[in-house]
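Undergrad: Dumping the structure here so I can ask a few things about it.
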Amino acid sequence: MKHIQTINKQTLNSTIKKGGCGECQTSCQSACKTSCTVGNQTCEQKKK
Amino acid sequence: MTNMWQPSFIGKRERRIFLVHQYKNNGYNIAIDVSSGGIHLLDDESYEVLAYVKEKKEEFEDFTAEELESYKKEAYFHNQEERKEILDEFIELIQAEQLFSKDVSEEILPQVAERKTVVKALCLHIAHDCNLACKYCFAEEGEYHGRRALMSYEVGKKALDFLIANSGTRKNLEVDFFGGEPLMNLEVVKELVEYGRSQESLHNKVFRFTLTTNGVLLNDETIEFLNQEMDNVVLSLDGRKEVNDRMRPFRNGKGSYDLIVPKFQKLAESRNQEKYYIRGTFTRDNLDFSKDVLHFADLGFEQMSMEPVVGGEDDPYAIREEDLGKIKDEYDKLAQIMLRREEERNSFNFFHFMIDLEGGPCLSKRLSGCGSGTEYLAVTPWGDFYPCHQFVGQEEFLMGNVEEGIVRAEIADDFRRCNVFSKEECKKCFAKYYCSGGCMANSYNFHKDLFKSYEIGCEMQRKRVECGIMMKVAEKIK
């Protein structure tokens, strides 16, 4: 494309099929404890 | 860029939020397709065309490829080949479901909202006591509106047994040793870790232990133990000496910086600068907090976090709405400095800008939020359960205890139902799938309602998401 560059390929919609295993980290256990950040967590299935 | 086509709304509706969020940051024109998570870098012309086509529809409505096709015939685009070309690129992205994509969340929402949850994480309040007297502490010098107490091994063991028994088939179990100051009860921490390890193979579980500390009691032996057993350690320090010592004094008023910093440096090095966070809190007394983050970097730390303080409206240090402009500028400044340092191979990680665009959490996780009250519980030294550490001491949220288990399941039901679709403000927010509805304790503290949003926190969160995504864009195209 000439005018637009897409930065990432993943679509959230595609995670519906395999998602929801719940093995990922609880967000508050990492470093926040007073807010909530989920988007920076890593999927345990993709970690493997 | 031509000047003849300048829609009148540009610049006037910065706060209007669409399914596609567009913004400029650090010289980049960025579009976030909220539903798919697609991130796009636009040139000036396509940025303006995007703003124009969005204006053609009501807020939050999807576009179809056919509709965009029809715009090509409109006056604005007449004989303007470049804009037709841009519309073709939009159409291509729509067909790839990367722009104006359909939000499928509501299809799986019922199963997420009514899901059967298992407990997978505990925050063990191993010590309701502290050797510092931090002025902003939500635990009130470790005591959480209650009495000073240390958790006994027996209570901790029952908590771990509860976790194992209530975790279903979940393999990874998280236990955070929290306080007060957990190192004031180190022997019990060690005994509980040993007990947890002894249970792993029996129940096919893996414990991931973490510990949050102010560092006062750290020594070589403790560091060795932490490195051997703790998956992550969170080290509390606020930044520059004068900033830290103003808010984090000992009970006698003396500052803690000089004692703590060398210990934290030693710990971070001994962990190869991984699996830890230096965690600061900024208040309205240090709104120039980017300097504190950079101070961490100057001290040699590579993993850092800097949280806005949690405080009520009457607290003089609490963040106010009028501080938001300055705070947003600080985040911008920090993001730009981090990019520069990355080029100089002198980089560090800032927790709040970290966004995993390719391997991030699934939609189900993003819809279920932080897990407090359902997957995550806090346990007091005497074994009471609360939805999270921030609710400890608020009796209306007392859920049960290690002897009887969960006795007030209706509290868990409320937390389970709380998500980005049950909060009115979240529905239209572009950042909803990055914060998952934010901190429920903040909602409750400010509105006495789990289903409302803490607006000041949301504004800061949105800015951090914008900065984090801008950095990903910059890294990708360099």
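Numbering starts fresh at 1 for the residues of each chain in the structure tokens, the chains themselves are lettered A, B, ... in the order given, and ligands are numbered from 1 as they appear.
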Could you produce a table of the residues of chain A lying within 6 Å of chain B, with the nearest pair of atoms per residue and their separation in Å rounded to one decimal, using only C-alpha atoms, ordered by chain and increasing residue number, as JSON lines?

TA:
```
{"residue": "A:His3", "atom": "CA", "partner": "B:Asp43", "partner_atom": "CA", "distance": 5.5}
{"residue": "A:Ile4", "atom": "CA", "partner": "B:Leu42", "partner_atom": "CA", "distance": 4.7}
{"residue": "A:Gln5", "atom": "CA", "partner": "B:Leu41", "partner_atom": "CA", "distance": 5.0}
{"residue": "A:Thr6", "atom": "CA", "partner": "B:His40", "partner_atom": "CA", "distance": 4.4}
{"residue": "A:Ile7", "atom": "CA", "partner": "B:Ile39", "partner_atom": "CA", "distance": 5.4}
{"residue": "A:Gln10", "atom": "CA", "partner": "B:Glu358", "partner_atom": "CA", "distance": 5.5}
{"residue": "A:Thr11", "atom": "CA", "partner": "B:Ser36", "partner_atom": "CA", "distance": 4.6}
{"residue": "A:Leu12", "atom": "CA", "partner": "B:Ser36", "partner_atom": "CA", "distance": 4.7}
{"residue": "A:Asn13", "atom": "CA", "partner": "B:Ser36", "partner_atom": "CA", "distance": 5.8}
{"residue": "A:Thr15", "atom": "CA", "partner": "B:Cys362", "partner_atom": "CA", "distance": 5.2}
{"residue": "A:Gly19", "atom": "CA", "partner": "B:Cys362", "partner_atom": "CA", "distance": 5.2}
{"residue": "A:Gly20", "atom": "CA", "partner": "B:Ser364", "partner_atom": "CA", "distance": 5.2}
{"residue": "A:Ser27", "atom": "CA", "partner": "B:Cys370", "partner_atom": "CA", "distance": 5.4}
{"residue": "A:Ser35", "atom": "CA", "partner": "B:Cys439", "partner_atom": "CA", "distance": 4.9}
{"residue": "A:Cys36", "atom": "CA", "partner": "B:Gly438", "partner_atom": "CA", "distance": 4.8}
{"residue": "A:Thr37", "atom": "CA", "partner": "B:Cys435", "partner_atom": "CA", "distance": 4.7}
{"residue": "A:Val38", "atom": "CA", "partner": "B:Cys435", "partner_atom": "CA", "distance": 5.3}
{"residue": "A:Gly39", "atom": "CA", "partner": "B:Tyr434", "partner_atom": "CA", "distance": 4.2}
{"residue": "A:Asn40", "atom": "CA", "partner": "B:Ile355", "partner_atom": "CA", "distance": 4.1}
{"residue": "A:Gln41", "atom": "CA", "partner": "B:Gly360", "partner_atom": "CA", "distance": 5.8}
{"residue": "A:Thr42", "atom": "CA", "partner": "B:Gly360", "partner_atom": "CA", "distance": 4.9}
{"residue": "A:Cys43", "atom": "CA", "partner": "B:Pro361", "partner_atom": "CA", "distance": 5.0}
```

Undergrad: How about saving the chosen residues, C-alpha atoms kept, as a PDB file, in the first residue's frame?

TA:
```pdb
ATOM      1  CA  HIS A   3      -0.517   5.517   1.924  1.00  0.00           C
ATOM      2  CA  ILE A   4      -1.040   3.102   4.801  1.00  0.00           C
ATOM      3  CA  GLN A   5       1.347   0.740   6.510  1.00  0.00           C
ATOM      4  CA  THR A   6      -0.143  -1.917   8.760  1.00  0.00           C
ATOM      5  CA  ILE A   7       2.022  -2.530  11.792  1.00  0.00           C
ATOM      6  CA  GLN A  10      -2.796 -10.274  14.625  1.00  0.00           C
ATOM      7  CA  THR A  11      -6.503  -9.718  14.800  1.00  0.00           C
ATOM      8  CA  LEU A  12      -8.245 -10.008  18.126  1.00  0.00           C
ATOM      9  CA  ASN A  13     -11.184 -11.689  16.442  1.00  0.00           C
ATOM     10  CA  THR A  15      -8.169 -15.300  19.128  1.00  0.00           C
ATOM     11  CA  GLY A  19      -8.502 -18.296  23.532  1.00  0.00           C
ATOM     12  CA  GLY A  20      -9.849 -18.431  27.033  1.00  0.00           C
ATOM     13  CA  SER A  27      -2.664  -8.741  35.643  1.00  0.00           C
ATOM     14  CA  SER A  35      -4.298   0.080  38.123  1.00  0.00           C
ATOM     15  CA  CYS A  36      -4.966  -2.529  35.471  1.00  0.00           C
ATOM     16  CA  THR A  37      -2.951  -3.290  32.382  1.00  0.00           C
ATOM     17  CA  VAL A  38      -3.902  -6.361  30.433  1.00  0.00           C
ATOM     18  CA  GLY A  39      -2.698  -5.530  26.907  1.00  0.00           C
ATOM     19  CA  ASN A  40       0.950  -5.961  27.817  1.00  0.00           C
ATOM     20  CA  GLN A  41       0.571  -9.511  29.009  1.00  0.00           C
ATOM     21  CA  THR A  42       1.788 -12.459  27.047  1.00  0.00           C
ATOM     22  CA  CYS A  43      -0.414 -15.359  26.035  1.00  0.00           C
TER      23      CYS A  43
END
```

Undergrad: Record the distance separating CA of Ser443 (chain B) and CA of Lys423 (chain B), expressed in Å with one decimal.

TA: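 Computed distance, CA of Ser443 (chain B) to CA of Lys423 (chain B), equals 10.2 Å.
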
Undergrad: Can you tell me, as a ChimeraX atom specification, which residues in region 250-439 of chain B count as helix (DSSP H, G or I) by DSSP?

TA: /B:257-270,290-298,321-343,351-353,363-368,389-391,395-397,409-417,424-427,432-435
